[in-house]
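Source file: my_file_13.csv. Holds: CSV, C-alpha atoms and all ligand atoms.
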chain,number,residue,atom,x,y,z
L,1,MET,CA,16.5,23.0,-33.8
L,2,GLY,CA,18.4,19.7,-33.6
L,3,LYS,CA,21.6,19.1,-35.7
L,4,LYS,CA,19.8,16.7,-38.0
L,5,GLU,CA,17.0,19.2,-38.8
L,6,GLU,CA,19.5,21.9,-39.6
L,7,GLN,CA,20.9,19.9,-42.4
L,8,LEU,CA,17.5,19.5,-44.1
L,9,LYS,CA,16.7,21.7,-47.1
L,10,PHE,CA,14.3,24.7,-46.8
L,11,SER,CA,11.1,23.1,-48.3
L,12,THR,CA,11.6,19.9,-46.2
L,13,ARG,CA,11.9,22.0,-43.0
L,14,ALA,CA,8.8,24.0,-44.0
L,15,ILE,CA,6.8,20.8,-44.0
L,16,HIS,CA,8.4,18.8,-41.1
L,17,VAL,CA,9.9,21.1,-38.5
L,18,GLY,CA,7.2,21.9,-35.9
L,19,ASN,CA,4.8,19.6,-37.7
L,20,SER,CA,5.5,16.1,-36.2
L,21,PRO,CA,2.5,13.7,-36.3
L,22,ASP,CA,0.0,13.9,-33.4
L,23,GLU,CA,1.2,11.5,-30.7
L,24,LEU,CA,-2.3,10.4,-29.7
L,25,THR,CA,-3.8,9.7,-33.1
L,26,GLY,CA,-1.0,9.6,-35.6
L,27,ALA,CA,-2.8,12.4,-37.6
L,28,VAL,CA,-0.3,13.8,-40.1
L,29,VAL,CA,-1.7,17.3,-39.4
L,30,ARG,CA,-1.6,18.4,-35.8
L,31,PRO,CA,-4.9,19.0,-34.1
L,32,LEU,CA,-5.8,22.6,-33.2
L,33,HIS,CA,-5.5,23.2,-29.5
L,34,VAL,CA,-8.3,25.5,-28.7
L,35,ALA,CA,-8.1,25.2,-24.9
L,36,SER,CA,-7.5,28.5,-23.1
L,37,THR,CA,-6.1,26.8,-20.0
L,38,PHE,CA,-4.2,23.6,-19.1
L,39,VAL,CA,-4.6,21.4,-16.0
L,40,GLN,CA,-1.8,21.5,-13.4
L,41,LYS,CA,-1.0,18.3,-11.3
L,42,THR,CA,-0.5,20.3,-8.1
L,43,PRO,CA,-0.8,24.0,-7.4
L,44,GLY,CA,2.3,25.7,-8.9
L,45,GLU,CA,3.4,22.6,-10.8
L,46,TRP,CA,3.5,23.8,-14.4
L,47,GLY,CA,3.4,21.5,-17.4
L,48,PRO,CA,4.7,22.6,-20.8
L,49,TYR,CA,1.6,24.7,-21.1
L,50,ASP,CA,-0.5,26.5,-18.5
L,51,TYR,CA,-2.5,29.3,-20.3
L,52,THR,CA,-2.8,30.0,-24.0
L,53,ARG,CA,-1.7,33.6,-23.8
L,54,SER,CA,1.6,32.4,-22.3
L,55,GLY,CA,2.0,29.4,-24.7
L,56,ASN,CA,-0.2,27.2,-27.0
L,57,PRO,CA,0.8,24.1,-28.9
L,58,THR,CA,-0.8,25.2,-32.2
L,59,ARG,CA,0.9,28.6,-32.0
L,60,ASP,CA,4.2,26.9,-31.0
L,61,ALA,CA,4.1,24.9,-34.2
L,62,ALA,CA,4.0,28.0,-36.4
L,63,GLU,CA,6.8,29.6,-34.3
L,64,THR,CA,9.0,26.6,-34.4
L,65,THR,CA,8.7,26.2,-38.2
L,66,LEU,CA,9.5,29.9,-38.9
L,67,ALA,CA,12.4,30.0,-36.5
L,68,SER,CA,13.9,27.2,-38.5
L,69,LEU,CA,13.3,28.8,-41.8
L,70,GLU,CA,14.9,32.1,-40.7
L,71,GLY,CA,17.8,30.4,-39.1
L,72,GLY,CA,16.8,31.7,-35.6
L,73,SER,CA,16.7,30.1,-32.2
L,74,GLY,CA,13.2,31.3,-31.3
L,75,ALA,CA,10.1,33.0,-32.8
L,76,LEU,CA,7.0,34.6,-31.4
L,77,ALA,CA,3.6,34.8,-33.1
L,78,PHE,CA,1.4,37.9,-32.8
L,79,ALA,CA,-2.1,38.8,-33.8
L,80,THR,CA,-0.8,41.0,-36.7
L,81,GLY,CA,2.4,42.3,-38.2
L,82,MET,CA,1.8,45.7,-36.5
L,83,ALA,CA,1.6,44.0,-33.1
L,84,ALA,CA,4.9,42.3,-33.8
L,85,THR,CA,6.6,45.6,-34.7
L,86,HIS,CA,5.0,47.3,-31.7
L,87,CYS,CA,6.5,44.6,-29.4
L,88,VAL,CA,10.0,45.5,-30.7
L,89,THR,CA,9.5,49.2,-30.0
L,90,MET,CA,8.4,48.3,-26.5
L,91,LEU,CA,12.0,47.2,-25.8
L,92,LEU,CA,12.7,51.0,-25.8
L,93,SER,CA,12.0,53.6,-23.1
L,94,ALA,CA,11.2,57.3,-23.1
L,95,GLY,CA,14.2,59.3,-24.3
L,96,ASP,CA,15.4,56.6,-26.7
L,97,HIS,CA,15.4,57.0,-30.4
L,98,ILE,CA,14.7,54.9,-33.5
L,99,VAL,CA,16.1,55.3,-37.1
L,100,ALA,CA,13.8,53.8,-39.7
L,101,GLY,CA,14.0,53.7,-43.5
L,102,THR,CA,12.1,56.2,-45.7
L,103,ASP,CA,10.7,53.4,-47.8
L,104,ILE,CA,8.7,51.5,-45.2
L,105,TYR,CA,5.2,50.1,-44.7
L,106,GLY,CA,2.7,53.0,-44.1
L,107,GLY,CA,1.4,51.4,-40.9
L,108,THR,CA,5.0,51.3,-39.5
L,109,TYR,CA,5.4,54.9,-40.3
L,110,ARG,CA,2.2,55.7,-38.4
L,111,LEU,CA,3.2,53.5,-35.4
L,112,LEU,CA,6.6,55.2,-35.1
L,113,HIS,CA,5.3,58.7,-35.6
L,114,LYS,CA,2.0,58.7,-33.9
L,115,ILE,CA,2.2,56.0,-31.1
L,116,CYS,CA,5.9,55.7,-30.2
L,117,ASP,CA,6.4,59.5,-30.1
L,118,ARG,CA,3.6,59.6,-27.4
L,119,ALA,CA,5.7,57.2,-25.3
L,120,GLY,CA,8.6,59.7,-25.6
L,121,ILE,CA,10.5,57.7,-28.2
L,122,GLY,CA,12.1,59.9,-31.0
L,123,VAL,CA,12.0,58.8,-34.6
L,124,SER,CA,14.1,59.8,-37.6
L,125,LEU,CA,13.8,58.5,-41.1
L,126,ALA,CA,16.8,57.9,-43.3
L,127,ASN,CA,17.3,56.6,-46.8
L,128,THR,CA,18.8,53.2,-45.7
L,129,SER,CA,19.8,52.2,-49.2
L,130,ARG,CA,22.7,54.6,-48.6
L,131,PRO,CA,24.6,53.5,-45.5
L,132,GLU,CA,26.2,56.9,-45.0
L,133,THR,CA,22.8,58.4,-44.6
L,134,LEU,CA,21.9,55.9,-42.0
L,135,THR,CA,25.1,56.6,-40.0
L,136,ALA,CA,24.4,60.3,-40.1
L,137,ALA,CA,21.0,59.8,-38.6
L,138,ILE,CA,22.3,57.9,-35.5
L,139,ARG,CA,22.3,59.8,-32.2
L,140,PRO,CA,23.8,58.8,-28.8
L,141,GLU,CA,20.3,57.7,-27.7
L,142,THR,CA,19.5,55.6,-30.8
L,143,LYS,CA,18.6,52.1,-29.7
L,144,LEU,CA,16.9,50.6,-32.8
L,145,ILE,CA,17.4,50.7,-36.5
L,146,TRP,CA,14.4,49.5,-38.5
L,147,ILE,CA,14.7,48.6,-42.2
L,148,GLU,CA,12.8,46.9,-45.0
L,149,SER,CA,14.3,45.4,-48.1
L,150,PRO,CA,12.8,45.5,-50.7
L,151,GLY,CA,11.2,48.7,-49.4
L,152,ASN,CA,7.6,49.6,-49.7
L,153,PRO,CA,6.3,50.9,-52.1
L,154,LEU,CA,9.5,51.8,-54.1
L,155,MET,CA,11.3,48.5,-53.8
L,156,SER,CA,14.4,50.2,-52.7
L,157,ILE,CA,17.1,47.8,-51.7
L,158,THR,CA,19.0,48.1,-48.4
L,159,ASP,CA,22.3,46.3,-47.8
L,160,ILE,CA,21.4,44.4,-44.6
L,161,ALA,CA,24.9,43.2,-43.9
L,162,ALA,CA,26.2,46.8,-44.1
L,163,CYS,CA,23.4,48.1,-41.8
L,164,ALA,CA,24.2,45.3,-39.3
L,165,GLN,CA,27.8,46.4,-39.2
L,166,ILE,CA,26.8,50.0,-38.5
L,167,ALA,CA,24.3,48.9,-35.9
L,168,SER,CA,26.7,46.6,-34.0
L,169,SER,CA,29.5,49.1,-34.1
L,170,HIS,CA,27.2,51.6,-32.3
L,171,GLY,CA,25.6,48.9,-30.0
L,172,ILE,CA,22.2,49.4,-31.6
L,173,LEU,CA,19.7,46.7,-32.4
L,174,LEU,CA,18.9,46.1,-36.0
L,175,GLY,CA,15.3,45.0,-36.9
L,176,VAL,CA,14.4,43.9,-40.4
L,177,ASP,CA,10.9,43.7,-41.7
L,178,ASN,CA,11.3,40.7,-44.0
L,179,THR,CA,7.7,40.5,-45.2
L,180,PHE,CA,8.5,41.3,-48.9
L,181,ALA,CA,11.6,39.1,-49.2
L,182,THR,CA,10.4,36.1,-47.1
L,183,PRO,CA,13.0,33.7,-45.8
L,184,VAL,CA,12.9,32.0,-49.2
L,185,LEU,CA,14.9,34.9,-50.7
L,186,THR,CA,16.6,36.6,-47.7
L,187,GLN,CA,17.5,35.5,-44.2
L,188,PRO,CA,18.5,38.7,-42.3
L,189,LEU,CA,19.8,36.9,-39.2
L,190,SER,CA,22.5,35.3,-41.2
L,191,LEU,CA,23.5,38.8,-42.4
L,192,GLY,CA,23.8,40.1,-38.9
L,193,ALA,CA,20.3,41.4,-38.0
L,194,ASP,CA,19.1,41.0,-34.5
L,195,ILE,CA,15.4,40.7,-35.1
L,196,VAL,CA,13.4,39.6,-38.1
L,197,MET,CA,9.8,40.7,-38.4
L,198,HIS,CA,7.0,39.3,-40.7
L,199,SER,CA,3.5,40.3,-41.4
L,200,ALA,CA,2.4,36.7,-41.6
L,201,THR,CA,-0.8,38.0,-43.2
L,202,LYS,CA,1.1,38.2,-46.5
L,203,TYR,CA,3.4,35.5,-48.0
L,204,LEU,CA,3.6,33.2,-45.0
L,205,GLY,CA,-0.2,32.7,-44.9
L,206,GLY,CA,-0.3,33.4,-48.6
L,207,HIS,CA,-4.1,33.1,-49.2
L,208,SER,CA,-5.6,36.4,-47.9
L,209,ASP,CA,-7.4,34.5,-45.2
L,210,ALA,CA,-5.3,34.9,-42.1
L,211,ASN,CA,-3.8,37.6,-40.0
L,212,GLY,CA,-0.6,37.4,-38.1
L,213,GLY,CA,2.8,38.8,-37.3
L,214,MET,CA,6.1,37.1,-36.3
L,215,LEU,CA,9.4,38.0,-34.7
L,216,VAL,CA,12.4,35.7,-35.0
L,217,VAL,CA,15.7,36.1,-33.1
L,218,ASN,CA,18.9,34.2,-32.6
L,219,ASN,CA,19.7,35.3,-29.1
L,220,ASP,CA,18.1,33.8,-26.0
L,221,ASP,CA,18.4,36.9,-23.9
L,222,LEU,CA,16.6,39.0,-26.6
L,223,TYR,CA,14.0,36.2,-27.0
L,224,ASP,CA,13.3,36.3,-23.2
L,225,LYS,CA,12.8,40.1,-23.3
L,226,LEU,CA,10.4,39.9,-26.2
L,227,TYR,CA,8.6,37.0,-24.8
L,228,PHE,CA,8.1,38.9,-21.6
L,229,ILE,CA,6.4,41.8,-23.5
L,230,HIS,CA,4.4,39.3,-25.7
L,231,ASN,CA,3.0,37.6,-22.7
L,232,SER,CA,2.5,40.8,-20.7
L,233,VAL,CA,0.7,42.7,-23.5
L,234,GLY,CA,-1.1,39.7,-24.9
L,235,ASN,CA,-1.2,40.4,-28.6
L,236,CYS,CA,-0.8,36.7,-29.5
L,237,MET,CA,-1.7,35.0,-32.7
L,238,SER,CA,-5.0,33.1,-32.5
L,239,VAL,CA,-5.1,29.3,-32.7
L,240,TRP,CA,-7.0,29.4,-36.0
L,241,ASP,CA,-4.6,31.9,-37.6
L,242,SER,CA,-1.7,29.9,-36.3
L,243,PHE,CA,-3.1,26.8,-38.1
L,244,LEU,CA,-3.6,28.7,-41.3
L,245,ILE,CA,-0.2,30.3,-41.3
L,246,SER,CA,1.5,26.9,-40.6
L,247,ARG,CA,-0.4,25.5,-43.5
L,248,GLY,CA,0.6,28.4,-45.7
L,249,ILE,CA,4.3,28.0,-44.8
L,250,LYS,CA,4.3,24.5,-46.2
L,251,THR,CA,4.0,25.8,-49.8
L,252,LEU,CA,5.9,29.1,-49.2
L,253,GLU,CA,9.0,28.3,-51.2
L,254,LEU,CA,7.1,27.0,-54.3
L,255,ARG,CA,4.7,30.0,-54.3
L,256,VAL,CA,7.4,32.6,-53.8
L,257,GLN,CA,9.6,31.2,-56.6
L,258,GLU,CA,6.8,31.1,-59.1
L,259,GLN,CA,5.5,34.5,-58.1
L,260,CYS,CA,9.1,35.9,-58.5
L,261,ARG,CA,9.3,34.5,-62.0
L,262,SER,CA,6.0,36.0,-63.0
L,263,ALA,CA,6.9,39.4,-61.4
L,264,LEU,CA,10.1,39.6,-63.4
L,265,ARG,CA,8.1,39.0,-66.6
L,266,VAL,CA,5.5,41.6,-65.7
L,267,ALA,CA,8.3,44.1,-64.9
L,268,GLU,CA,9.9,43.5,-68.2
L,269,TYR,CA,6.6,44.0,-70.0
L,270,LEU,CA,5.9,47.2,-68.2
L,271,GLN,CA,9.4,48.6,-68.7
L,272,GLN,CA,8.8,48.7,-72.5
L,273,HIS,CA,5.2,50.1,-72.3
L,274,THR,CA,5.0,53.6,-73.7
L,275,LYS,CA,2.6,54.8,-71.0
L,276,VAL,CA,4.9,53.6,-68.2
L,277,LYS,CA,7.5,56.2,-67.1
L,278,ARG,CA,9.4,54.1,-64.6
L,279,VAL,CA,9.2,50.6,-63.2
L,280,HIS,CA,10.5,49.9,-59.6
L,281,TYR,CA,11.6,46.2,-59.5
L,282,PRO,CA,15.0,45.1,-58.1
L,283,GLY,CA,15.3,42.4,-60.7
L,284,LEU,CA,15.6,44.9,-63.5
L,285,VAL,CA,19.2,46.0,-64.3
L,286,SER,CA,17.9,49.6,-64.4
L,287,HIS,CA,17.0,49.4,-60.7
L,288,SER,CA,19.5,51.2,-58.4
L,289,GLY,CA,19.5,48.3,-56.0
L,290,TYR,CA,20.0,45.5,-58.6
L,291,ASP,CA,23.6,44.6,-57.6
L,292,ILE,CA,23.0,44.4,-53.9
L,293,ALA,CA,19.7,42.6,-54.5
L,294,THR,CA,21.5,40.0,-56.7
L,295,GLN,CA,24.0,39.4,-53.8
L,296,GLN,CA,21.5,39.5,-51.0
L,297,MET,CA,18.4,37.8,-52.5
L,298,ASN,CA,18.6,34.1,-53.2
L,299,GLY,CA,16.8,32.9,-56.3
L,300,GLY,CA,14.5,35.8,-57.1
L,301,TYR,CA,13.8,39.5,-56.6
L,302,GLY,CA,10.4,39.2,-55.0
L,303,ALA,CA,6.9,39.5,-56.4
L,304,MET,CA,6.2,43.1,-55.5
L,305,LEU,CA,6.7,45.9,-58.0
L,306,SER,CA,5.6,49.4,-58.6
L,307,MET,CA,5.4,51.8,-61.6
L,308,GLU,CA,5.0,55.4,-62.3
L,309,ILE,CA,2.6,56.0,-65.2
L,310,ASP,CA,2.3,58.9,-67.6
L,311,ALA,CA,-0.9,60.2,-66.1
L,312,ASN,CA,-2.4,62.5,-63.5
L,313,PHE,CA,-4.0,61.5,-60.2
L,314,GLU,CA,-7.5,60.9,-61.8
L,315,SER,CA,-6.3,58.8,-64.7
L,316,THR,CA,-4.1,56.7,-62.2
L,317,ARG,CA,-7.3,56.0,-60.3
L,318,LYS,CA,-8.9,54.9,-63.5
L,319,VAL,CA,-6.1,52.5,-64.3
L,320,VAL,CA,-6.1,50.8,-60.9
L,321,ALA,CA,-9.9,50.5,-61.1
L,322,SER,CA,-10.0,48.9,-64.5
L,323,THR,CA,-7.9,45.8,-64.1
L,324,ARG,CA,-10.0,42.6,-63.9
L,325,LEU,CA,-7.6,40.0,-62.5
L,326,PHE,CA,-5.5,42.4,-60.4
L,327,GLN,CA,-8.0,43.2,-57.7
L,328,LEU,CA,-8.1,46.7,-56.2
L,329,ALA,CA,-7.1,46.1,-52.6
L,330,VAL,CA,-4.4,46.8,-50.0
L,331,SER,CA,-2.3,43.9,-48.7
L,332,LEU,CA,-0.1,41.6,-50.8
L,333,GLY,CA,1.7,38.3,-51.0
L,334,ALA,CA,-1.2,36.0,-51.7
L,335,VAL,CA,-2.2,33.7,-54.5
L,336,GLU,CA,-4.4,36.4,-56.1
L,337,SER,CA,-2.8,39.4,-57.7
L,338,LEU,CA,-3.6,42.8,-56.3
L,339,ILE,CA,-3.2,46.4,-57.5
L,340,SER,CA,-3.2,49.6,-55.5
L,341,GLN,CA,-2.4,53.3,-55.4
L,342,PRO,CA,-0.2,53.7,-52.4
L,343,ALA,CA,-0.9,57.5,-52.1
L,344,SER,CA,-4.5,56.9,-51.3
L,345,MET,CA,-4.3,53.4,-49.9
L,346,SER,CA,-1.3,51.7,-48.1
L,347,HIS,CA,0.6,55.0,-47.6
L,348,ALA,CA,-2.4,57.3,-46.9
L,349,SER,CA,-1.2,57.5,-43.2
L,350,TYR,CA,2.0,59.3,-44.3
L,351,ASP,CA,2.0,63.0,-43.9
L,352,ARG,CA,1.7,64.2,-47.5
L,353,GLU,CA,4.9,66.2,-47.4
L,354,ASP,CA,6.9,63.1,-46.2
L,355,ARG,CA,5.2,61.0,-48.8
L,356,ILE,CA,6.1,63.3,-51.8
L,357,SER,CA,9.6,64.0,-50.5
L,358,ASN,CA,10.2,60.2,-50.3
L,359,GLY,CA,9.1,59.7,-53.9
L,360,ILE,CA,5.7,58.2,-53.2
L,361,HIS,CA,3.9,60.2,-55.9
L,362,ASP,CA,0.1,60.2,-56.7
L,363,GLU,CA,0.8,58.4,-60.0
L,364,LEU,CA,2.5,55.5,-58.4
L,365,ILE,CA,0.8,52.1,-58.8
L,366,ARG,CA,1.8,49.1,-56.8
L,367,LEU,CA,1.4,45.5,-57.9
L,368,SER,CA,1.4,42.3,-55.9
L,369,VAL,CA,1.9,39.5,-58.4
L,370,GLY,CA,0.1,36.3,-57.5
L,371,LEU,CA,-0.1,32.8,-58.9
L,372,GLU,CA,-2.4,33.3,-61.9
L,373,HIS,CA,-0.9,32.5,-65.3
L,374,VAL,CA,1.5,35.3,-66.2
L,375,GLU,CA,0.2,35.7,-69.7
L,376,ASP,CA,-3.3,36.4,-68.3
L,377,LEU,CA,-1.8,39.0,-65.9
L,378,ILE,CA,0.1,40.8,-68.6
L,379,ALA,CA,-3.0,40.9,-70.9
L,380,ASP,CA,-5.0,42.3,-68.0
L,381,LEU,CA,-2.4,45.2,-67.4
L,382,ASP,CA,-2.4,45.7,-71.2
L,383,GLN,CA,-6.1,46.3,-71.4
L,384,ALA,CA,-6.0,48.6,-68.2
L,385,LEU,CA,-3.2,50.7,-69.5
L,386,GLY,CA,-5.0,50.9,-72.9
L,387,CYS,CA,-7.6,53.2,-71.2
L,388,LEU,CA,-5.0,56.0,-70.9
L,401,LIG,C1,1.2,44.4,-44.1
L,401,LIG,C2,2.6,44.8,-43.6
L,401,LIG,C3,2.8,45.1,-42.3
L,401,LIG,C4,1.8,45.0,-41.2
L,401,LIG,O1,1.3,43.8,-41.0
L,401,LIG,P1,-0.3,43.5,-40.6
L,401,LIG,O2,-0.3,42.0,-40.5
L,401,LIG,O3,-1.2,44.1,-41.6
L,401,LIG,O4,-0.4,44.2,-39.2
L,401,LIG,C5,4.1,45.4,-42.0
L,401,LIG,N1,5.1,45.4,-42.9
L,401,LIG,C6,4.9,45.2,-44.2
L,401,LIG,C7,6.0,45.2,-45.2
L,401,LIG,C8,3.6,44.8,-44.6
L,401,LIG,O5,3.4,44.6,-45.9
Starting from the file, give its structure as structure tokens.
Amino acid sequence: MGKKEEQLKFSTRAIHVGNSPDELTGAVVRPLHVASTFVQKTPGEWGPYDYTRSGNPTRDAAETTLASLEGGSGALAFATGMAATHCVTMLLSAGDHIVAGTDIYGGTYRLLHKICDRAGIGVSLANTSRPETLTAAIRPETKLIWIESPGNPLMSITDIAACAQIASSHGILLGVDNTFATPVLTQPLSLGADIVMHSATKYLGGHSDANGGMLVVNNDDLYDKLYFIHNSVGNCMSVWDSFLISRGIKTLELRVQEQCRSALRVAEYLQQHTKVKRVHYPGLVSHSGYDIATQQMNGGYGAMLSMEIDANFESTRKVVASTRLFQLAVSLGAVESLISQPASMSHASYDREDRISNGIHDELIRLSVGLEHVEDLIADLDQALGCL
């Protein structure tokens, strides 16, 4: 990014960096480049593009914008968030070891335990909201630390700067899944992380109509290593998804800020409800990560929250099935609000023992607060909890 662009504010960069008008027509929205291959002048004389798996102008636009928003020097766009995370794990070799947080995306847990272990890569989970637990889990062969903050589904807060210090003092890479926080609230590279990952399917796209994953780094050598894997394995983001995600990013800041405001109000409402035993939301003073979240998150505490209700497995299922605006579905981060039961949905791929011991109980309900009017959302939860 040029010096001038660096001085622009977030929402301006979200709209202009990577989105210059089309040179041929002046169109304010860049055309979609659907070509799979690009003409060469003479054999072996490469232009800026040669083959879409290796590079595509529409995909480049999304990568350039996100790199700017995360304060990185380069980004790579993948077909899904899981493809992006998998690419990071492919930096490792048999015999290496990963330490990941206990409160992480269910699909990441499955990737680490059921795919990486087949490649001979060891995995340990540690409660990363306590740095001393992380340090204790590090082995001589540990090459990667993988964290999420806020975590999923308990919204645990991990001190990214503290983890970065631990990682760098051991010569270990730190990867941060920044899907929940988005670069609007947290920019992990500025806190010392090496790699930022996004499921672009969530807030970046923001409309439940695109799939994608992103990696952002601030180190050319690391970028080259990841690009080599990206191009060799070929899990690239499609042109259509790249367009939709670029479009979504333009309104990211506005959406996230409004969703955070609503989420705080929903959390406050739930906290005083007699049928709700516990609300997990880092914006509540009662949350154990409140102080670190206040330092680390800029202008909001995210729009994801979860709660434990005074009910058994069956009545929990009834509650999640009886909201009308909160739709029963996995995924998150879009304009429409969603409700889920992690134990049977997003975290069903956990071994049950691990799930329970990590506090993901059957009575846990997770909410993704969207952009509907907050009073309608609270009324919807009120009627659903009324069935208990
Ligand atoms: C959804 C999600 C992923 C996986 O992304 P996909 O795009 O579904 O592959 C990873 N991490 C978090 C926190 C997620 O919410």
At a cut-off of 10 Å and counting only C-alpha atoms and all ligand atoms, what residues surround ligand LIG 401 (chain L)? Please answer as number ranges by chain. L: 78-86, 103-109, 147-153, 176-181, 197-203, 210-214, 330-333, 346
For Glu372 (chain L): contacts at 10 Å, only C-alpha atoms, fewer than 4 positions along chain excluded, given as a list in words: Glu258, Gln259, Ser262, Leu325, Phe326, Val335, Glu336, Ser337, Asp376 and Leu377 of chain L
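For the set L:Leu385, L:Ala263, L:Leu367, L:Leu270, the residue with the smallest atom-to-atom gap to Ala311 (chain L) is L:Leu385, counting all atoms listed in the file.
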Please provide as a VMD selection string all residues within 6 Å of Leu215 (chain L), with the sequence filter that same-chain residues fewer than 4 positions apart are discarded (counting all atoms listed in the file). chain L and resid 75 to 76 196 to 197
Preceding selection exported with C-alpha atoms as a tab-separated table (two decimals), keeping the file's coordinate frame:
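Written output follows (out.tsv):
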chain	number	residue	atom	x	y	z
L	75	ALA	CA	10.10	33.00	-32.80
L	76	LEU	CA	7.00	34.60	-31.40
L	196	VAL	CA	13.40	39.60	-38.10
L	197	MET	CA	9.80	40.70	-38.40
Fewer than 3 positions away in the same chain doesn't count, so skip those; otherwise give me all residues within 10 Å of Gly55 (chain L), counting all atoms listed in the file, as a ChimeraX atom specification. /L:36-37,48-52,58-60,76,231,236
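Computed from the coordinates, the CA of Leu125 (chain L) to CA of Arg139 (chain L) distance equals 12.4 Å.
Counting only C-alpha atoms and comparing L:Leu226, L:Asp209, L:Asp22, L:Leu144, the residue that lies closest to Gly74 (chain L) is L:Leu226.
Here CA of Tyr290 (chain L) is placed at a distance of 13.0 Å from CA of Leu154 (chain L).
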Counting all atoms listed in the file, write as a ChimeraX atom specification all protein and nucleic acid residues lying at most 7 Å from (6.9, 49.9, -33.0) in the file's frame. /L:85-90,108,111-112,116
Taking all atoms listed in the file into account, name the residue in L:Asp382, L:Glu375, L:Asp351, L:Asp220 that is nearest to Arg110 (chain L). L:Asp351
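CA of Ser73 (chain L) to CA of Arg30 (chain L) spans 22.0 Å [interatomic distance, one decimal].
Of the residues under consideration (L:Lys143, L:Arg355, L:Arg324, L:Ile98), L:Ile98 shows the shortest atom-to-atom contact distance to Val123 (chain L) when counting all atoms listed in the file.
Closest approach to Gly175 (chain L) from the set L:Gly234, L:Gly101, L:Gly302, L:Gly386 is made by L:Gly101, with distances taken over all atoms listed in the file.
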